[in-house]
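This is upload16.cif. It holds mmCIF, C-alpha atoms.
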data_run
loop_
_atom_site.label_atom_id
_atom_site.label_comp_id
_atom_site.auth_asym_id
_atom_site.auth_seq_id
_atom_site.Cartn_x
_atom_site.Cartn_y
_atom_site.Cartn_z
CA MET A 1 127.48 113.86 168.65
CA THR A 2 125.69 110.73 167.45
CA GLN A 3 124.52 107.94 169.76
CA PHE A 4 124.75 105.30 167.03
CA SER A 5 127.95 104.58 165.15
CA VAL A 6 126.49 102.52 162.26
CA ASN A 7 123.03 104.09 161.96
CA VAL A 8 123.98 107.75 162.26
CA HIS A 9 120.50 108.74 161.03
CA ARG A 10 118.91 107.16 164.12
CA PHE A 11 118.34 109.30 167.19
CA ASP A 12 115.67 107.28 169.03
CA PRO A 13 116.97 104.89 171.69
CA TYR A 14 115.88 101.24 171.50
CA LYS A 15 112.45 100.36 172.88
CA ASN A 16 111.95 97.98 175.79
CA PHE A 17 109.12 95.91 174.28
CA LYS A 18 111.08 93.65 171.90
CA PHE A 19 113.28 91.05 173.55
CA GLN A 20 113.83 87.34 173.94
CA ILE A 21 115.26 84.86 176.41
CA VAL A 22 117.46 82.02 175.14
CA LEU A 23 117.67 78.93 177.36
CA ASP A 24 119.48 75.74 176.34
CA GLY A 25 120.01 77.22 172.87
CA LYS A 26 116.27 77.80 172.26
CA VAL A 27 114.12 80.93 172.53
CA VAL A 28 111.67 80.57 175.44
CA ALA A 29 108.14 81.04 174.12
CA GLY A 30 105.83 83.77 175.38
CA VAL A 31 108.00 85.72 177.82
CA SER A 32 106.22 89.06 178.23
CA LYS A 33 108.24 90.70 180.99
CA ILE A 34 111.80 90.57 182.32
CA SER A 35 112.91 92.50 185.38
CA ALA A 36 115.95 94.78 185.13
CA LEU A 37 119.53 93.50 185.02
CA LYS A 38 121.06 95.12 188.04
CA ARG A 39 124.30 94.81 189.99
CA SER A 40 125.46 96.70 193.05
CA THR A 41 128.24 96.74 195.60
CA THR A 42 128.37 97.74 199.22
CA PRO A 43 130.99 100.42 199.81
CA VAL A 44 133.70 99.47 202.30
CA MET A 45 134.72 102.38 204.49
CA TYR A 46 138.22 102.55 205.87
CA ARG A 47 140.56 105.14 207.29
CA GLU A 48 144.24 105.47 207.89
CA GLY A 49 145.35 105.34 211.50
CA SER A 50 147.38 108.53 211.12
CA ASP A 51 144.40 110.51 209.76
CA PRO A 52 141.38 109.81 211.98
CA SER A 53 139.27 112.67 210.59
CA LYS A 54 138.95 111.37 207.02
CA SER A 55 137.49 108.11 205.68
CA HIS A 56 138.00 106.47 202.30
CA LEU A 57 135.59 104.27 200.36
CA SER A 58 136.33 101.30 198.15
CA PRO A 59 134.06 98.77 196.47
CA GLY A 60 133.13 95.62 198.35
CA ALA A 61 131.70 92.40 196.95
CA TRP A 62 129.39 92.73 193.96
CA ARG A 63 125.81 91.47 194.18
CA PHE A 64 123.69 90.56 191.16
CA GLU A 65 119.97 91.07 191.69
CA PRO A 66 117.53 88.24 190.97
CA ILE A 67 115.80 88.33 187.57
CA THR A 68 112.07 87.73 187.22
CA LEU A 69 110.62 86.28 184.01
CA GLU A 70 106.86 86.41 183.36
CA ARG A 71 104.73 84.90 180.65
CA GLY A 72 101.13 83.97 179.95
CA ILE A 73 100.18 80.46 181.00
CA THR A 74 100.14 77.94 178.14
CA HIS A 75 100.95 74.25 177.88
CA ASP A 76 104.69 74.89 177.41
CA PRO A 77 106.30 73.27 180.50
CA GLU A 78 109.70 75.11 180.25
CA PHE A 79 109.32 77.17 183.48
CA GLU A 80 107.89 74.25 185.45
CA ASN A 81 110.55 71.82 184.24
CA TRP A 82 113.35 74.18 185.25
CA ALA A 83 111.77 74.93 188.63
CA ASN A 84 111.41 71.20 189.27
CA LEU A 85 115.16 70.68 188.89
CA SER A 86 115.70 72.36 192.28
CA TYR A 87 112.56 71.01 193.97
CA SER A 88 110.79 67.69 193.84
CA VAL A 89 107.84 66.26 195.73
CA ALA A 90 109.91 63.05 195.82
CA GLY A 91 112.33 64.75 198.23
CA ASP A 92 115.84 66.17 198.16
CA ALA A 93 117.37 63.07 196.58
CA ALA A 94 115.33 63.73 193.40
CA MET A 95 116.83 67.22 192.96
CA SER A 96 119.14 67.59 189.97
CA LEU A 97 122.44 68.93 191.32
CA LYS A 98 123.95 68.57 187.86
CA ASN A 99 121.35 70.45 185.80
CA PHE A 100 119.51 72.98 187.98
CA ARG A 101 121.92 75.85 187.11
CA LYS A 102 121.74 77.18 183.57
CA ASP A 103 123.21 80.08 181.64
CA ILE A 104 120.70 82.22 179.77
CA ILE A 105 120.96 84.95 177.15
CA ILE A 106 118.79 88.05 177.13
CA ASN A 107 118.53 89.61 173.67
CA LEU A 108 117.32 93.16 173.10
CA LEU A 109 115.77 93.55 169.64
CA ASN A 110 115.18 96.61 167.48
CA GLU A 111 111.82 97.33 165.86
CA GLN A 112 112.74 95.02 162.93
CA GLY A 113 113.36 92.12 165.32
CA THR A 114 117.15 92.13 164.92
CA VAL A 115 119.31 91.50 167.99
CA VAL A 116 121.03 94.79 168.90
CA LYS A 117 122.43 93.90 172.34
CA ALA A 118 122.81 90.60 174.16
CA PHE A 119 123.63 89.79 177.75
CA LYS A 120 124.92 86.46 179.06
CA VAL A 121 123.63 85.64 182.55
CA TYR A 122 125.59 82.96 184.37
CA ARG A 123 124.65 80.06 186.65
CA CYS A 124 120.96 80.90 187.00
CA TRP A 125 118.63 78.77 189.07
CA VAL A 126 114.96 79.06 189.96
CA SER A 127 114.44 80.30 193.52
CA GLU A 128 110.73 81.07 193.14
CA TYR A 129 108.06 79.66 190.83
CA GLN A 130 104.54 81.06 190.60
CA VAL A 131 102.39 78.59 188.69
CA LEU A 132 99.13 80.58 188.96
CA PRO A 133 98.36 84.23 189.68
CA ASP A 134 95.47 85.39 191.83
CA LEU A 135 92.36 84.21 190.01
CA ASP A 136 89.37 86.54 189.68
CA ALA A 137 86.06 85.56 188.09
CA ASN A 138 85.35 89.26 187.44
CA GLY A 139 88.75 89.98 185.90
CA GLU A 140 89.80 90.19 182.27
CA ALA A 141 93.56 89.69 182.62
CA VAL A 142 95.90 87.11 181.15
CA ALA A 143 96.90 84.41 183.63
CA ILE A 144 100.66 84.84 184.26
CA GLU A 145 103.24 82.35 185.50
CA SER A 146 106.64 83.56 186.67
CA ILE A 147 110.03 82.40 187.83
CA VAL A 148 112.66 84.26 189.85
CA LEU A 149 116.23 83.48 188.85
CA GLN A 150 119.17 83.81 191.16
CA ASN A 151 122.37 84.33 189.19
CA GLU A 152 126.10 84.68 189.64
CA GLY A 153 126.64 87.58 187.29
CA TRP A 154 126.14 88.79 183.77
CA GLU A 155 128.07 90.49 181.03
CA ARG A 156 127.30 92.07 177.71
CA ASP A 157 128.07 89.89 174.70
CA MET A 158 130.50 92.14 172.83
CA GLY A 159 130.18 89.89 169.77
CA VAL A 160 126.77 91.48 169.10
CA SER A 161 127.33 94.78 167.35
CA GLU A 162 125.02 97.49 166.04
CA PRO A 163 123.26 96.14 162.93
CA SER A 164 122.82 98.25 159.83
CA GLU A 165 119.19 99.38 159.61
CA THR A 166 117.34 99.79 156.33
#
What would the structure in this file look like if it were written as structure tokens?
Amino acid sequence: MTQFSVNVHRFDPYKNFKFQIVLDGKVVAGVSKISALKRSTTPVMYREGSDPSKSHLSPGAWRFEPITLERGITHDPEFENWANLSYSVAGDAAMSLKNFRKDIIINLLNEQGTVVKAFKVYRCWVSEYQVLPDLDANGEAVAIESIVLQNEGWERDMGVSEPSET
């Protein structure tokens, strides 16, 4: 049985090192790490009154885990601008209730850089912004900024299909 319907010669799964984030219709520069897309539900246990020895389980409310985006620090203000929509040193009145939630798209790319899967993430907002990492004069690491996005769910974009590879 083949795992790929278009590229039947392919047997290697896609790699996790080629991806992009699309925000406001533009690819966000420099994102080097995205946490997993994860959803879960708490099982609801119930039993029938006439059968006290056996319980049943059904799904409860779904929860979508926060998503963390990381990138090396540059002069691109995209993360900071978004984080500032839900926080302002000018006080609560300066917060943007209209614009602080945004939909994003996470694209998984193949080795050729072609989008092979896409996920739409809905009503994201920045709940945590790390502007600087721990700084170490003896270190040799890239300085990373990050944002944590709360979201109200995601779904796969079924309009993105398996591309033909050459």
Residue neighbourhood region 108-119 of chain A, 6 Å, only C-alpha atoms, exclusion window fewer than 2 positions, as a list in words: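 Near region 108-119 of chain A, the qualifying residues are Lys18, Phe19, Ile105, Ile106, Glu155, Arg156, Asp157, Val160 and Glu162 of chain A.
If you apply the PyMOL selection byres ((chain A and resi 98) around 12) to this structure, you end up with Leu85, Ser86, Ala94, Met95, Ser96, Leu97, Asn99, Phe100, Arg101, Lys102, Arg123 and Trp125 of chain A.
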For CA of Leu23 (chain A) and CA of Asn81 (chain A), the interatomic separation in Å (one decimal):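 Between these atoms lies a distance of 12.2 Å.
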Pairwise distance for CA of Arg71 (chain A) and CA of Ile144 (chain A), rounded to one decimal in Å: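 If I compute the distance from CA of Arg71 (chain A) to CA of Ile144 (chain A), I get 5.4 Å.
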Shell around Thr68 (chain A) at 6 Å using only C-alpha atoms, local window under 4 positions removed, as an MDAnalysis selection string: chainID A and resid 34:35 147:148
Of the listed residues A:Ser55, A:Thr41, A:Ser146, A:Asn7, that which approaches Leu69 (chain A) most closely, counting all atoms listed in the file: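 The closest residue to Leu69 (chain A) is A:Ser146.
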Distance in Å - CA of Glu165 (chain A) versus CA of His9 (chain A):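 Answer for the CA of Glu165 (chain A) to CA of His9 (chain A) separation: 9.6 Å.
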Minimum-distance residue to Ser40 (chain A), chosen among A:Ala141, A:Thr74, A:Pro59, A:Val126 (using all atoms listed in the file):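 Nearest to Ser40 (chain A): A:Pro59.
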Cut-off 6 Å around (132.5, 103.1, 199.3) with only C-alpha atoms: residues as a list in words: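 Taken together, the residues in range are Pro43, Val44, Met45, Leu57, Ser58 and Pro59 of chain A.
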Residues returned when the PyMOL selection byres ((chain A and resi 22) around 10) runs on this file, as a list in words: Gln20, Ile21, Leu23, Asp24, Gly25, Lys26, Val27, Val28, Ala29, Asp103, Ile104, Ile105, Ile106, Asn107 and Lys120 of chain A
Give me the box for region 142-160 of chain A as JSON, namely the centre and edge lengths in Å to one decimal of a box along x, y and z that holds every listed atom plus 3 Å on each side.
{"center_x": 113.2, "center_y": 87.2, "center_z": 180.1, "size_x": 40.6, "size_y": 15.8, "size_z": 28.1}
Pick from A:Ser164, A:Asn16, A:Ser5, A:Ser32 nearest to Glu145 (chain A), counting all atoms listed in the file: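 With all atoms listed in the file as the atom set, the closest residue is A:Ser32.
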For Ile73 (chain A), the nearest of the candidates A:Val8, A:Ala143, A:Asp136, A:Ala90, counting all atoms listed in the file: A:Ala143
Residue nearest Gly153 (chain A) among A:His75, A:Arg63, A:Arg10, A:Arg47 (counting all atoms listed in the file):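 With all atoms listed in the file as the atom set, the closest residue is A:Arg63.
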